[in-house]
Amino acid sequence: MDINVLLPDGSNRRVPKGTTVEQVAESISIGLKKNAVAGKLNDKLVDLDQVVEEDCRLEIVTLDSPAGLEVYRHSTAHVMAQAVKRIYGEKAVKLGIGPVIEDGFYYDMDLEKPLSAEDLDRIEQEMANIIQENLPIVRKVVSRQEAIRIFEKLEEPLKLELIRDLPEDAVISTYEQGEFLDLCRGPHLPSTGRIKAFKLLTVSGAYWRGDSSNSMLQRIYGTAFPKKNQLEEHLHFLEEAKKRDHRKLGKQLELFMFSEEAPGMPFYLPKGMTIRTELENFAREMQRQRDYEEVRTPLMMNNRVWENSGHWDHYKDNMYFTNVDETKYALKPMNCPGHMLIFKNKLRSYRDLPMRICEFGQVHRHEFSGALNGMLRVRTFCQDDAHLFVLPEQIEEEIGRIIELIDQMYQVFGLEYKIELSTRPEDSMGSEELWEQAESSLQSVLDNRGIAYRINEGDGAFYGPKIDFHIQDALKRSWQCGTIQLDFQMPEKFDLLYVGEDSQKHRPVVIHRAVYGAIDRFMGMLTEHYAGAFPLWLSPVHAKLLPVSENYADYAYQVKARLEQAGIRVEIDARNEKLGYRIREAQLEKVPYMLVLGEQEKNSGSGSVRKRGEGDLGSIALDVIEEMILGEIASKV
């Protein structure tokens with residue numbers, strides 16, 4: 001009996017009932033069969049040996065697709081677990097979970113021996129043996145009772161716990177390859193020999209199921225690619241990312257520090273503060289040109305403000321609270337409520353709108369210690385917040401102006417970006433009608449300007465939909481920074497009103513906006529984007545002065561005073577060290593300009609200039625150097 005298989009291109013294929021996914025792939029082309037790793041049967045991922053029993057939709061999943069790569073990496077995780085058991089003993093290793101993650105996989109295991117980098121080399125060698133054996137990977141559906149019996153016999157307590165927690169109607173399956181058997185939903189490659197290129201990366205500790213009350217397991221991270229050159233390219237990327245790590249560069253360049261006395265709260269050192277000030281001043285000037293007015297709101301407000309705004313219901317687990325005069329207060333996690341109170345400070349007219357207020361506001365949010373990550377995930381940070389109070393008919397124009405502002409600012413940093421439209425989340429507040437109005441308004445702005453975007457379902461703020469800007473850095477990594485949020489809820493919550501042209505009272509619409517997002521996080525991202533070699537206008541030190549010997553220290557101080565008078569940030573390195581050593585030190589500090597000062601320079605009122613990335617520019621008169629540096633600072637190149 002034949003059945004009908006509907007393929008993604010809309011064509012139909014008649015095949016005998018009981019045909020496997022792999023056989024369908026072969027009937028299409030031998031090349032497709034060779035590249036196939038799984039199937040999507042009625043949108044569900046299945047193994048290649050899955051039989052087709054009735055009319056269905058079928059997509060052949062290949063290695064060059066995201067789903068295919070996940071199957072490939074999941075199978076590599078099983079091979080890694082098998083290798084660990086072979087090396088350290090079947091009973092000595094208790095298996096947890098081994099999921100696929102972005103760019104790779106990991107497996108959590110309970111074993112007594114602490115693993116090291118040397119152990120990873122040994123595990124890799126055994127994995128290569130298992131791949132060479134080309135063991136078939138075989139799926140078997142088992143009952144709950146059979147699964148319990150199997151993993152009791154294997155003495156796998158963590159797997160038994162997982163089985164106990166599965167829903168009553170769950171389909172339970174195991175995968176077997178040689179002597180190795182694992183509890184797994186699948187799907188997997190047909191055999192271990194299909195794995196071509198892999199690398200184990202690191203080992204770390206991880207609580208079982210992410211719960212600190214559970215035992216600590218060892219987590220082995222790895223990655224795998226269909227081709228060796230893809231793996232080599234990825235490993236090169238990881239090495240480059242390691243060199244650019246903002247935590248390492250922040251310490252090396254003396255930008256910021258962290259202390260156990262304030263976990264997750266950055267300390268800005270003088271050079272880091274210089275960068276932050278430049279970022280703020282750049283944003284201030286861009287906003288001043290666009291009629292924003294800067295404000296400052298309290299760090300802490302009465303708890304009723306947060307209850308009124310909706311933050312209490314939607315955000316209280318991330319907030320810090322304290323009692324003052326027997327009244328509960330909260331440190332602000334966001335600046336929005338303070339800006340609502342500023343608007344409400346007096347009765348506004350429609351002629352006052354749009355009203356654009358901005359703030360570099362310090363906020364506090366509780367993050368678990370395990371989630372903290374340098375400047376990228378902190379407990380206190382500065383948001384470059386702005387709130388625009390607008391008439392309904394001003395929404396599209398104002399959002400268009402914000403998009404232009406964000407685009408212009410990102411261009412200065414050489415940052416490309418993609419846009420997402422995030423829609424109503426499950427924990428939203430307000431009516432469905434207002435949400436639909438807000439979402440259609442944002443979509444209309446993007447569509448009318450021909451801006452490419454993707455829909456991010458359910459990821460809006462609890463008070464409104466948003467347009468998010470995802471920056472791509474020099475390594476093509478994505479960072480969500482800028483955001484525009486349209487809000488019909490806060491004006492209701494705070495009873496905001498303006499007097500319209502008809503002399504009646506009406507509610508404004510609020511647009512929330514940030515360009516950097518969190519300045520701290522933006523700084524961390526920029527540090528990695530530039531690999532610490534900030535453009536001249538952002539660099540903490542514009543020029544390093546290097547007298548060739550102590551005889552020219554006085555001249556160096558004269559040059560320093562002159563350049564500083566012109567607004568150029570200068571340091572002198574007059575240490576009793578060889579000039580070559582001091583030049584290398586300045587290069588490690590990624591200083592944009594070095595001025596070597598000796599007899600000839602002193603006599604001619606010049607400096608021998610070395611420019612980062614360009615090398616020796618020769619001897620140049622001080623007034624020309626001054627003009628050159630100031631021009632580059634002004635152009636922000």
# chains A, B, ... in the order shown; residues from 1 in each chain; ligands from 1

$ residues_around --residues "Tyr72 (chain A)" --least-positions-apart "3" --cutoff "8 Å" --atoms "only C-alpha atoms" --output "JSON, numbers by chain"
{"A": [37, 63, 68, 69, 75, 76, 188, 189, 195, 224, 225, 226]}

$ select_by_dssp --residues "region 290-347 of chain A" --states "strand (DSSP E)" --output "PDB file with N, CA, C and O atoms, in the first residue's frame"
ATOM      1  N   GLU A 293      15.758  67.080  27.104  1.00  0.00           N
ATOM      2  CA  GLU A 293      16.167  67.758  28.325  1.00  0.00           C
ATOM      3  C   GLU A 293      16.567  66.721  29.349  1.00  0.00           C
ATOM      4  O   GLU A 293      15.867  65.723  29.555  1.00  0.00           O
ATOM      5  N   GLU A 294      17.724  66.939  29.995  1.00  0.00           N
ATOM      6  CA  GLU A 294      18.243  65.937  30.931  1.00  0.00           C
ATOM      7  C   GLU A 294      17.683  66.146  32.338  1.00  0.00           C
ATOM      8  O   GLU A 294      17.549  67.287  32.800  1.00  0.00           O
ATOM      9  N   MET A 300      16.092  55.711  45.021  1.00  0.00           N
ATOM     10  CA  MET A 300      15.197  54.919  45.858  1.00  0.00           C
ATOM     11  C   MET A 300      13.868  55.652  46.008  1.00  0.00           C
ATOM     12  O   MET A 300      13.842  56.863  46.195  1.00  0.00           O
ATOM     13  N   MET A 301      12.774  54.890  45.887  1.00  0.00           N
ATOM     14  CA  MET A 301      11.451  55.496  46.042  1.00  0.00           C
ATOM     15  C   MET A 301      10.532  54.576  46.828  1.00  0.00           C
ATOM     16  O   MET A 301      10.762  53.360  46.907  1.00  0.00           O
ATOM     17  N   ASN A 302       9.475  55.172  47.364  1.00  0.00           N
ATOM     18  CA  ASN A 302       8.483  54.453  48.149  1.00  0.00           C
ATOM     19  C   ASN A 302       7.922  53.271  47.356  1.00  0.00           C
ATOM     20  O   ASN A 302       7.683  53.370  46.152  1.00  0.00           O
ATOM     21  N   PHE A 321      15.035  45.882  48.379  1.00  0.00           N
ATOM     22  CA  PHE A 321      14.112  46.644  49.226  1.00  0.00           C
ATOM     23  C   PHE A 321      14.763  46.999  50.556  1.00  0.00           C
ATOM     24  O   PHE A 321      15.678  46.315  51.023  1.00  0.00           O
ATOM     25  N   THR A 322      14.265  48.079  51.156  1.00  0.00           N
ATOM     26  CA  THR A 322      14.725  48.467  52.488  1.00  0.00           C
ATOM     27  C   THR A 322      13.595  49.235  53.183  1.00  0.00           C
ATOM     28  O   THR A 322      12.632  49.670  52.525  1.00  0.00           O
ATOM     29  N   ASN A 323      13.702  49.364  54.491  1.00  0.00           N
ATOM     30  CA  ASN A 323      12.707  50.120  55.257  1.00  0.00           C
ATOM     31  C   ASN A 323      13.308  51.446  55.725  1.00  0.00           C
ATOM     32  O   ASN A 323      14.425  51.480  56.240  1.00  0.00           O
ATOM     33  N   VAL A 324      12.571  52.527  55.540  1.00  0.00           N
ATOM     34  CA  VAL A 324      12.970  53.856  56.006  1.00  0.00           C
ATOM     35  C   VAL A 324      11.778  54.441  56.765  1.00  0.00           C
ATOM     36  O   VAL A 324      10.682  54.556  56.197  1.00  0.00           O
ATOM     37  N   THR A 327       8.649  52.575  56.585  1.00  0.00           N
ATOM     38  CA  THR A 327       8.007  52.525  55.269  1.00  0.00           C
ATOM     39  C   THR A 327       8.918  51.772  54.310  1.00  0.00           C
ATOM     40  O   THR A 327      10.134  51.958  54.337  1.00  0.00           O
ATOM     41  N   LYS A 328       8.314  50.931  53.473  1.00  0.00           N
ATOM     42  CA  LYS A 328       9.106  50.116  52.551  1.00  0.00           C
ATOM     43  C   LYS A 328       9.486  50.927  51.315  1.00  0.00           C
ATOM     44  O   LYS A 328       8.623  51.560  50.685  1.00  0.00           O
ATOM     45  N   TYR A 329      10.777  50.912  50.997  1.00  0.00           N
ATOM     46  CA  TYR A 329      11.306  51.577  49.812  1.00  0.00           C
ATOM     47  C   TYR A 329      12.016  50.545  48.930  1.00  0.00           C
ATOM     48  O   TYR A 329      12.388  49.466  49.399  1.00  0.00           O
ATOM     49  N   ALA A 330      12.211  50.906  47.668  1.00  0.00           N
ATOM     50  CA  ALA A 330      12.936  50.020  46.750  1.00  0.00           C
ATOM     51  C   ALA A 330      13.943  50.826  45.953  1.00  0.00           C
ATOM     52  O   ALA A 330      13.668  51.961  45.532  1.00  0.00           O
ATOM     53  N   LEU A 331      15.128  50.232  45.752  1.00  0.00           N
ATOM     54  CA  LEU A 331      16.094  50.803  44.810  1.00  0.00           C
ATOM     55  C   LEU A 331      15.510  50.628  43.408  1.00  0.00           C
ATOM     56  O   LEU A 331      14.980  49.562  43.072  1.00  0.00           O
TER      57      LEU A 331
END

$ residues_around --residues "Ser549 (chain A)" --least-positions-apart "2" --cutoff "9 Å" --atoms "only C-alpha atoms" --output "number ranges by chain"
A: 546-547, 551-553, 574-579, 597-598

$ residues_around --residues "Glu492 (chain A)" --least-positions-apart "2" --cutoff "10 Å" --atoms "only C-alpha atoms" --output "list in words"
Ser309, Gly430, Asp487, Phe488, Gln489, Met490, Phe494, Asp495, Leu496, Leu497, Arg507, Pro508 and Val509 of chain A

$ write_last_selection --atoms "N, CA, C and O atoms" --output "mmCIF file, in the first residue's frame"
data_model
loop_
_atom_site.group_PDB
_atom_site.id
_atom_site.type_symbol
_atom_site.label_atom_id
_atom_site.label_comp_id
_atom_site.auth_asym_id
_atom_site.auth_seq_id
_atom_site.Cartn_x
_atom_site.Cartn_y
_atom_site.Cartn_z
ATOM 1 N N SER A 309 3.304 51.135 39.286
ATOM 2 C CA SER A 309 3.868 51.018 37.935
ATOM 3 C C SER A 309 3.745 49.615 37.362
ATOM 4 O O SER A 309 3.846 49.422 36.145
ATOM 5 N N GLY A 430 -2.450 45.263 30.958
ATOM 6 C CA GLY A 430 -3.226 46.104 30.064
ATOM 7 C C GLY A 430 -4.095 45.303 29.123
ATOM 8 O O GLY A 430 -3.990 44.077 29.019
ATOM 9 N N ASP A 487 4.327 52.568 24.870
ATOM 10 C CA ASP A 487 3.649 52.255 26.129
ATOM 11 C C ASP A 487 2.356 53.061 26.290
ATOM 12 O O ASP A 487 2.381 54.287 26.407
ATOM 13 N N PHE A 488 1.230 52.337 26.282
ATOM 14 C CA PHE A 488 -0.059 52.958 26.586
ATOM 15 C C PHE A 488 -0.469 52.686 28.037
ATOM 16 O O PHE A 488 -1.510 53.175 28.485
ATOM 17 N N GLN A 489 0.355 51.884 28.771
ATOM 18 C CA GLN A 489 -0.038 51.427 30.108
ATOM 19 C C GLN A 489 0.355 52.418 31.204
ATOM 20 O O GLN A 489 -0.443 52.734 32.087
ATOM 21 N N MET A 490 1.626 52.876 31.189
ATOM 22 C CA MET A 490 2.106 53.773 32.252
ATOM 23 C C MET A 490 1.273 55.057 32.365
ATOM 24 O O MET A 490 0.984 55.512 33.467
ATOM 25 N N PHE A 494 -0.319 55.939 35.995
ATOM 26 C CA PHE A 494 0.047 57.158 36.731
ATOM 27 C C PHE A 494 -0.935 58.305 36.482
ATOM 28 O O PHE A 494 -0.692 59.426 36.933
ATOM 29 N N ASP A 495 -2.009 58.005 35.765
ATOM 30 C CA ASP A 495 -3.042 59.000 35.493
ATOM 31 C C ASP A 495 -2.434 60.273 34.895
ATOM 32 O O ASP A 495 -2.671 61.399 35.354
ATOM 33 N N LEU A 496 -1.618 60.076 33.841
ATOM 34 C CA LEU A 496 -0.979 61.214 33.173
ATOM 35 C C LEU A 496 -1.982 61.876 32.238
ATOM 36 O O LEU A 496 -2.712 61.201 31.504
ATOM 37 N N LEU A 497 -1.993 63.219 32.254
ATOM 38 C CA LEU A 497 -2.957 63.960 31.451
ATOM 39 C C LEU A 497 -2.310 65.201 30.841
ATOM 40 O O LEU A 497 -1.338 65.738 31.382
ATOM 41 N N ARG A 507 -4.914 61.541 27.595
ATOM 42 C CA ARG A 507 -3.710 60.812 28.011
ATOM 43 C C ARG A 507 -2.637 60.894 26.925
ATOM 44 O O ARG A 507 -2.935 60.684 25.739
ATOM 45 N N PRO A 508 -1.400 61.187 27.319
ATOM 46 C CA PRO A 508 -0.304 61.096 26.341
ATOM 47 C C PRO A 508 0.070 59.628 26.112
ATOM 48 O O PRO A 508 -0.358 58.746 26.859
ATOM 49 N N VAL A 509 0.844 59.390 25.098
ATOM 50 C CA VAL A 509 1.470 58.079 24.872
ATOM 51 C C VAL A 509 2.936 58.221 25.261
ATOM 52 O O VAL A 509 3.547 59.270 25.033
#

$ residues_around --residues "Phe360 (chain A)" --least-positions-apart "3" --cutoff "8 Å" --atoms "only C-alpha atoms" --output "PyMOL selection string"
chain A and resi 280+296+382-385

$ select_by_dssp --residues "region 536-587 of chain A" --states "alpha helix (DSSP H)" --output "count of residues only"
22

$ residues_around --residues "Pro535 (chain A)" --least-positions-apart "5" --cutoff "10 Å" --atoms "only C-alpha atoms" --output "list in words"
Val412, Phe413, Tyr530, Pro540, His542, Val591, Pro592, Glu632, Ile633, Lys636 and Val637 of chain A

$ write_last_selection --atoms "C-alpha atoms" --output "compact mmCIF listing (two decimals), in the first residue's frame"
# COMPACT_ATOMS: atom_id res chain seq x y z
CA VAL A 412 30.22 56.42 14.78
CA PHE A 413 31.30 53.17 16.48
CA TYR A 530 37.89 47.21 19.51
CA PRO A 540 41.81 57.27 27.90
CA HIS A 542 45.58 60.16 23.38
CA VAL A 591 47.93 54.06 23.06
CA PRO A 592 46.98 55.73 19.72
CA GLU A 632 40.96 63.18 14.50
CA ILE A 633 39.22 63.57 17.88
CA LYS A 636 35.44 60.60 15.79
CA VAL A 637 37.03 58.22 13.26

$ residues_around --residues "region 451-464 of chain A" --least-positions-apart "6" --cutoff "10 Å" --atoms "only C-alpha atoms" --output "PyMOL selection string"
chain A and resi 309-311+314-315+418-430+434-436+438-439+443+445+484-490+510-512

$ closest_residue --among "A:Met334, A:Ala262, A:Ala197, A:Leu391" --to "Pro298 (chain A)" --atoms "only C-alpha atoms"
A:Met334

$ closest_residue --among "A:Thr274, A:Asn303, A:Thr20, A:Ser349" --to "Leu41 (chain A)" --atoms "only C-alpha atoms"
A:Thr20

$ closest_atom_pairs --of "region 132-152 of chain A" --to "region 159-182 of chain A" --cutoff "6 Å" --atoms "only C-alpha atoms" --output "tab-separated table"
residue	atom	partner	partner_atom	distance
A:Leu135	CA	A:Gln177	CA	5.6
A:Pro136	CA	A:Gln177	CA	5.8
A:Ile137	CA	A:Gln177	CA	4.8
A:Val138	CA	A:Glu176	CA	5.2
A:Arg139	CA	A:Tyr175	CA	4.6
A:Lys140	CA	A:Thr174	CA	5.3
A:Val141	CA	A:Ser173	CA	4.2
A:Val142	CA	A:Ser173	CA	5.6

$ write_last_selection --atoms "C-alpha atoms" --output "PDB file, in the first residue's frame"
ATOM      1  CA  LEU A 135      29.173   2.011  15.762  1.00  0.00           C
ATOM      2  CA  PRO A 136      25.478   2.037  14.720  1.00  0.00           C
ATOM      3  CA  ILE A 137      23.388   4.366  16.929  1.00  0.00           C
ATOM      4  CA  VAL A 138      20.149   2.504  17.602  1.00  0.00           C
ATOM      5  CA  ARG A 139      16.946   3.919  19.114  1.00  0.00           C
ATOM      6  CA  LYS A 140      14.567   1.839  21.200  1.00  0.00           C
ATOM      7  CA  VAL A 141      11.258   2.927  22.739  1.00  0.00           C
ATOM      8  CA  VAL A 142      10.822   1.465  26.228  1.00  0.00           C
TER       9      VAL A 142
END

$ closest_residue --among "A:Val93, A:Leu563, A:Leu249, A:Val100" --to "Ala533 (chain A)" --atoms "only C-alpha atoms"
A:Leu249

$ atom_distance --atom1 "CA of Glu367 (chain A)" --atom2 "CA of Pro333 (chain A)"
11.5 Å

$ atom_distance --atom1 "CA of Glu112 (chain A)" --atom2 "CA of Glu155 (chain A)"
15.3 Å

$ closest_atom_pairs --of "region 523-568 of chain A" --to "region 625-631 of chain A" --cutoff "9 Å" --atoms "only C-alpha atoms" --output "JSON lines"
{"residue": "A:Leu536", "atom": "CA", "partner": "A:Ile629", "partner_atom": "CA", "distance": 8.2}
{"residue": "A:Trp537", "atom": "CA", "partner": "A:Leu630", "partner_atom": "CA", "distance": 9.0}
{"residue": "A:His542", "atom": "CA", "partner": "A:Ile629", "partner_atom": "CA", "distance": 8.0}
{"residue": "A:Ala543", "atom": "CA", "partner": "A:Ile629", "partner_atom": "CA", "distance": 8.9}
{"residue": "A:Arg562", "atom": "CA", "partner": "A:Glu626", "partner_atom": "CA", "distance": 9.0}
{"residue": "A:Leu563", "atom": "CA", "partner": "A:Glu626", "partner_atom": "CA", "distance": 6.7}
{"residue": "A:Ala566", "atom": "CA", "partner": "A:Glu626", "partner_atom": "CA", "distance": 7.5}
{"residue": "A:Gly567", "atom": "CA", "partner": "A:Leu630", "partner_atom": "CA", "distance": 8.0}
{"residue": "A:Ile568", "atom": "CA", "partner": "A:Leu630", "partner_atom": "CA", "distance": 7.3}

$ closest_residue --among "A:Val5, A:Gln587, A:Leu538, A:His366" --to "Asn281 (chain A)" --atoms "only C-alpha atoms"
A:Leu538

$ closest_residue --among "A:Ala621, A:Val203, A:Met375, A:Cys184" --to "His246 (chain A)" --atoms "only C-alpha atoms"
A:Met375

$ atom_distance --atom1 "CA of Val499 (chain A)" --atom2 "CA of Arg356 (chain A)"
17.4 Å
